[in-house]
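Q: Questions regarding the structure given below will be posed in turn.
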Amino acid sequence: MATQNKAKGKRQEAKGNAVLTFSFFLLPLSLLLLLFCVQGQTASPNQFSQSFKVSGQPHLILDNPFGSVSVRPWNKNEIQVLADGLVELIKAEQAGDNTVKVETRKQRKLEIVNFTVNVPTSCSLNIRTISGRVVVRGVSGEIKTQTVDGDIELIYIKSKDVDATSNSGRVTYLGDLVAKGKYNFHSSNNAVDVTIPATASFRLTATSLRQNIDLGDFKFNGSSTGTRFTGDYAGGEAILNLSTHQGSIHLHKK
Amino acid sequence: MICSECQQRLSDYLDGHLSIGEGVRIEQHLMSCQICKVVHDDLAQIIKASRALPLHAPSPVLWQRIQAQITLEAEAKPQTSESWWGQLRNRQFHLTLSFPQLAAVAAAFVFVIASTIVLTQLSTRNLSSVTGGDPNSLGNIGRPLNVPVLPEDLERQVNEYTNLVNKRKESWDPKVREIFERNMAILDMSMDECQQQLRRNQTDQVAFDMLRMAYQKKLEILQDFAAIE
C-alpha cells in the first residue's frame with residue numbers, strides 16, 4: 001500500500017513538472033502573440049492595420065493606385081491605417097516624427113486595395129489614386145488630393161489650403177473658406193460642386209470651357225467672358241478657383 | 001472633339017468601324033453634347049428602320065425589256081473611226097441654263113475656290129502662331145509677342161512618356177488599359193477644344209490656360225501609368 005502511494009506521488013510530481021515545463025514555454029509564446037496583436041500588423045491575410053504615434057502637426061502621404069481612400073478624424077495623436085485587399089502590396093512607414101508614408105505598389109494587374117485612415121483633426125494630407133474614390137471628412141490640415149478616374153468628396157473641411165483634382169471624376173466640397181485661404185478644385189470631364197457658408201468672403205475664378213457655370217444664390221461683384229467668371233464676394237478674403245473642361249461648375253450656400 | 005468631327009464619324013461609329021479609342025471619344029462627346037446626341041439617335045433610328053424594310057427585286061420581265069432595249073440601241077449605233085476630239089466636237093449638248101444662270105454658277109464656283117484658299121491660309125497661319133510654326137508642335141518660335149506660350153519642354157515630356165507608356169501598356173491588365181485610354185481620350189478631347197478656340201482667337205487666355213492645364217494633367221497621368229511595374 002505504501003509502495004503504491006509512493007508511486008502515485010511520483011507520477012503526480014512528474015505530471016506537475018510537465019505542466020510547469022509546458023507553462024514555461026507557453027508564457028513567452030503567449031507574450032509574443034500578445035505583442036503581435038498590440039502591434040496590430042495584420043488581422044487576417046486580406047486585412048492590414050498599423051498605427052503610428054504622431055505629435056505636433058502630423059502629415060499623411062498616401063499613394064494608392066487602384067482602390068478607395070477614406071480619411072476620418074479622431075481625437076488621438078495617432079495615425080491608424082486600415083486596409084483590405086491584396087495587403088502584400090502595401091508599404092507603410094513613419095518618416096520623421098510626424099510624417100506617415102503609405103504606398104501601394106503599382107502593378108500591371110488590377111489589384112484593388114481600399115484604405116480607411118484615422119487621423120488627428122489637424123493632420124495635413126497628400127493623397128493620390130489612379131482609379132478610386134477619395135473621401136475626406138472633418139480635417140483642418142492642408143489637403144492635396146489627386147485622382148485620375150475617381151470621385152473626390154471633401155466633407156466638413158476647415159482647412160486653409162485645399163487642392164483637389166480629378167480627371168474623369170466628380171469633385172465635391174462641403175466646408176469652410178478660411179480668410180487668406182486658397183482653394184482649388186478641378187475636374188476635366190465631370191462636375192465641380194462646392195458648398196460653402198453664406199458668410200464666406202472670397203474671390204472666385206470659375207472656368208468652364210463649355211460655359212456651364214452655376215453660381216447659385218451668390219451675388220458677385222465681377223465679370224464674365226463666357227468661359228471664365230471672376231468676382232469678389234463679401235470682400236474676397238479667400239481665393240477660390242474652380243475649373244472644368246467638359247463638366248459643369250456649381251456653387252451653393254450652406 | 002468638336003460637333004462637326006463627331007457627326008462626320010457617327011455613321012462609322014454606329015456601323016462599328018471605329019477603333020476603341022475613337023469610339024470612346026465619340027461616346028464622351030455624346031454624353032456632353034445634346035445636339036450630337038439628337039443626330040446620333042436620329043441616325044440610329046434611320047438605320048434601324050431601313051434594316052427593317054423588305055427587299056424588293058424587279059420582275060424578270062422588266063430585266064428582259066431593258067436587255068432588248070440595249071441590244072436595239074447597240075445595233076442602231078453607227079460605227080465610226082473618228083477621234084475622241086472629233087466625237088466631242090460633234091456631240092450635241094443640251095443646256096437648259098440661261099446666260100445669267102450660267103454666270104451665277106461660274107461666280108459661285110470662283111467664290112468657293114477663293115474662300116477655300118483664304119480659309120486654308122488663315123487656318124494654317126493661326127495654328128502656326130499658336131503652336132510655334134509646326135502645327136504638330138507647341139514650341140514658341142514664330143509666335144507673336146502678345147500670344148501666351150506653353151513651357152518649352154512640356155510637349156517633349158508628354159511625347160516621351162506617351163512613347164514609353166504605349167510600349168508598356170500591352171502588358172497591362174485590360175481593365176488598367178481601359179482606364180488609361182479612356183482618360184487619355186478625355187484629355188485629348190479637352191486639348192482639341194482648346195486648340196479649336198485658340199485657332200479662332202489666338203489671344204484667348206482662358207483657352208490657353210486650360211490647354212496648359214490639360215497638358216500638365218496628361219503628363220502627370222502618363223507619369224503615374226509609367227510607374228506601373
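Please note that chains go A, B, ... in the order of the C-alpha cells, that every chain numbers its residues from 1, and that ligands are numbered from 1 in the order shown.
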May I have a table of the residues of chain A lying at most 6 Å from chain B, giving each one's closest pair of atoms and their distance in Å to one decimal, counting only C-alpha atoms, ordered by chain and ascending residue number, as a Markdown table?
A:
```
| residue | atom | partner | partner_atom | distance |
| --- | --- | --- | --- | --- |
| A:Lys106 | CA | B:Ile228 | CA | 4.8 |
| A:Gln107 | CA | B:Glu229 | CA | 5.2 |
| A:Arg108 | CA | B:Trp172 | CA | 4.5 |
| A:Lys109 | CA | B:Asp173 | CA | 4.9 |
```
Q: Might you pull out every residue within 12 Å of Glu27 of chain B, with only C-alpha atoms counted and same-chain residues fewer than 6 positions away left off, and present them as a PyMOL selection string?
A: chain B and resi 1+6-7+9-10+13-14+18+20-21+33-34+36-37+40+182+185-186+189
Q: Include N, CA and C atoms and write out the residues we just selected as a compact mmCIF listing (two decimals), in the first residue's frame.
A:
```txt
# COMPACT_ATOMS: atom_id res chain seq x y z
N MET B 1 -13.25 66.82 -78.74
CA MET B 1 -13.82 66.61 -80.08
C MET B 1 -14.90 67.65 -80.34
N CYS B 6 -17.54 64.89 -84.75
CA CYS B 6 -18.35 63.82 -84.17
C CYS B 6 -19.41 63.34 -85.18
N GLN B 7 -20.10 64.34 -85.77
CA GLN B 7 -21.20 63.99 -86.68
C GLN B 7 -20.69 63.29 -87.94
N ARG B 9 -18.28 61.24 -88.04
CA ARG B 9 -17.89 59.85 -87.73
C ARG B 9 -19.02 59.01 -87.15
N LEU B 10 -20.19 59.65 -86.98
CA LEU B 10 -21.29 58.93 -86.32
C LEU B 10 -21.69 57.66 -87.07
N TYR B 13 -19.27 55.04 -86.51
CA TYR B 13 -19.40 54.61 -85.12
C TYR B 13 -20.56 53.62 -84.97
N LEU B 14 -21.71 53.97 -85.60
CA LEU B 14 -22.89 53.10 -85.49
C LEU B 14 -22.66 51.77 -86.20
N LEU B 18 -15.15 52.04 -86.04
CA LEU B 18 -14.12 52.89 -85.39
C LEU B 18 -13.30 52.08 -84.39
N ILE B 20 -11.36 51.49 -80.71
CA ILE B 20 -11.91 51.65 -79.35
C ILE B 20 -11.72 53.09 -78.88
N GLY B 21 -10.53 53.62 -79.12
CA GLY B 21 -10.23 54.99 -78.67
C GLY B 21 -11.16 56.01 -79.30
N CYS B 33 -22.94 66.51 -75.27
CA CYS B 33 -23.48 67.37 -76.32
C CYS B 33 -24.87 66.89 -76.74
N GLN B 34 -25.86 67.68 -76.42
CA GLN B 34 -27.25 67.30 -76.69
C GLN B 34 -27.52 67.27 -78.19
N CYS B 36 -25.47 66.65 -80.80
CA CYS B 36 -24.92 65.45 -81.44
C CYS B 36 -25.67 64.19 -80.98
N LYS B 37 -26.15 64.23 -79.74
CA LYS B 37 -26.92 63.09 -79.23
C LYS B 37 -28.19 62.92 -80.06
N HIS B 40 -27.26 61.55 -83.42
CA HIS B 40 -26.94 60.14 -83.23
C HIS B 40 -28.21 59.30 -83.14
N ARG B 182 -9.29 55.62 -71.68
CA ARG B 182 -10.47 56.48 -71.51
C ARG B 182 -10.04 57.86 -71.01
N ALA B 185 -8.28 59.83 -73.68
CA ALA B 185 -9.25 60.35 -74.67
C ALA B 185 -9.92 61.62 -74.15
N ILE B 186 -10.20 61.64 -72.85
CA ILE B 186 -10.82 62.84 -72.24
C ILE B 186 -9.89 64.04 -72.39
N MET B 189 -9.56 65.21 -75.95
CA MET B 189 -10.75 65.98 -76.33
C MET B 189 -10.63 67.41 -75.79
```
Q: How far is it from atom CA of Gln94 of chain A to atom CA of Leu62 of chain A, in Å with one decimal?
A: 11.9 Å
Q: Tell me, as JSON, numbers by chain, which residues lie within 7 Å of Leu219 of chain B, counting only C-alpha atoms; anything in the same chain fewer than 4 positions away does not count.
A: {"B": [158, 215, 223]}
Q: Enter the distance from atom CA of Phe52 of chain A to atom CA of Val119 of chain A, in Å, rounded to one decimal.
A: 9.9 Å
Q: Atom CA of Arg25 of chain B to atom CA of His250 of chain A: how many Å, to one decimal?
A: 24.9 Å
Q: Give me the residues within 8 Å of segment 110-118 of chain A as a VMD selection string, counting only C-alpha atoms and dropping any in the same chain fewer than 5 places off.
A: (chain A and resid 64 66 to 74 78 to 87 104) or (chain B and resid 173 175 to 176)
Q: Deliver the residues from the most recent selection as a file, using N, CA and C atoms, as a tab-separated table (two decimals), in the first residue's frame.
A:
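Printed below is part.tsv as written:
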```
chain	number	residue	atom	x	y	z
A	64	ASN	N	-2.24	55.35	-53.48
A	64	ASN	CA	-2.93	54.07	-53.67
A	64	ASN	C	-3.49	54.02	-55.09
A	66	PHE	N	-5.00	51.75	-57.17
A	66	PHE	CA	-6.31	51.19	-57.50
A	66	PHE	C	-7.08	50.84	-56.23
A	67	GLY	N	-8.06	51.65	-55.92
A	67	GLY	CA	-8.86	51.42	-54.72
A	67	GLY	C	-9.20	52.74	-54.05
A	68	SER	N	-10.11	52.66	-53.08
A	68	SER	CA	-10.60	53.90	-52.47
A	68	SER	C	-9.76	54.30	-51.26
A	69	VAL	N	-9.92	55.55	-50.88
A	69	VAL	CA	-9.27	56.06	-49.67
A	69	VAL	C	-10.30	56.87	-48.89
A	70	SER	N	-10.48	56.51	-47.62
A	70	SER	CA	-11.40	57.25	-46.78
A	70	SER	C	-10.64	57.73	-45.54
A	71	VAL	N	-10.67	59.04	-45.31
A	71	VAL	CA	-9.94	59.60	-44.17
A	71	VAL	C	-10.94	60.17	-43.18
A	72	ARG	N	-10.79	59.77	-41.90
A	72	ARG	CA	-11.71	60.24	-40.86
A	72	ARG	C	-10.92	60.85	-39.71
A	73	PRO	N	-11.49	61.86	-39.05
A	73	PRO	CA	-10.76	62.44	-37.93
A	73	PRO	C	-11.04	61.67	-36.63
A	74	TRP	N	-10.10	61.67	-35.72
A	74	TRP	CA	-10.34	61.17	-34.37
A	74	TRP	C	-9.48	61.97	-33.40
A	78	GLU	N	-2.40	59.93	-33.16
A	78	GLU	CA	-2.02	58.67	-33.79
A	78	GLU	C	-2.64	58.61	-35.19
A	79	ILE	N	-1.91	58.09	-36.14
A	79	ILE	CA	-2.48	57.84	-37.47
A	79	ILE	C	-2.65	56.33	-37.59
A	80	GLN	N	-3.88	55.92	-37.80
A	80	GLN	CA	-4.15	54.49	-37.90
A	80	GLN	C	-4.53	54.16	-39.35
A	81	VAL	N	-3.77	53.25	-39.93
A	81	VAL	CA	-4.00	52.89	-41.33
A	81	VAL	C	-4.64	51.51	-41.38
A	82	LEU	N	-5.84	51.45	-41.93
A	82	LEU	CA	-6.53	50.16	-42.09
A	82	LEU	C	-6.73	49.94	-43.59
A	83	ALA	N	-6.57	48.70	-44.03
A	83	ALA	CA	-6.77	48.44	-45.45
A	83	ALA	C	-7.24	47.02	-45.67
A	84	ASP	N	-7.95	46.82	-46.76
A	84	ASP	CA	-8.28	45.46	-47.16
A	84	ASP	C	-8.01	45.29	-48.64
A	85	GLY	N	-7.74	44.07	-49.02
A	85	GLY	CA	-7.37	43.78	-50.41
A	85	GLY	C	-6.06	43.03	-50.40
A	86	LEU	N	-5.28	43.19	-51.45
A	86	LEU	CA	-4.00	42.50	-51.52
A	86	LEU	C	-2.97	43.30	-50.72
A	87	VAL	N	-2.95	43.05	-49.38
A	87	VAL	CA	-2.18	43.90	-48.48
A	87	VAL	C	-0.66	43.71	-48.62
A	104	THR	N	1.01	51.86	-52.10
A	104	THR	CA	0.65	50.54	-52.64
A	104	THR	C	1.37	50.39	-53.97
B	173	ASP	N	-3.08	44.73	-67.42
B	173	ASP	CA	-4.43	44.18	-67.29
B	173	ASP	C	-5.37	45.01	-68.20
B	175	LYS	N	-8.28	45.97	-67.89
B	175	LYS	CA	-9.05	46.99	-67.16
B	175	LYS	C	-8.19	48.23	-66.91
B	176	VAL	N	-6.92	47.99	-66.60
B	176	VAL	CA	-6.00	49.12	-66.37
B	176	VAL	C	-5.83	49.89	-67.68
```
Q: Skip Asp163 of chain A itself and residues of its chain fewer than 3 positions away, then list as a PyMOL selection string all residues within 10 Å of it, counting only C-alpha atoms.
A: chain A and resi 126+142-146+182-186+241
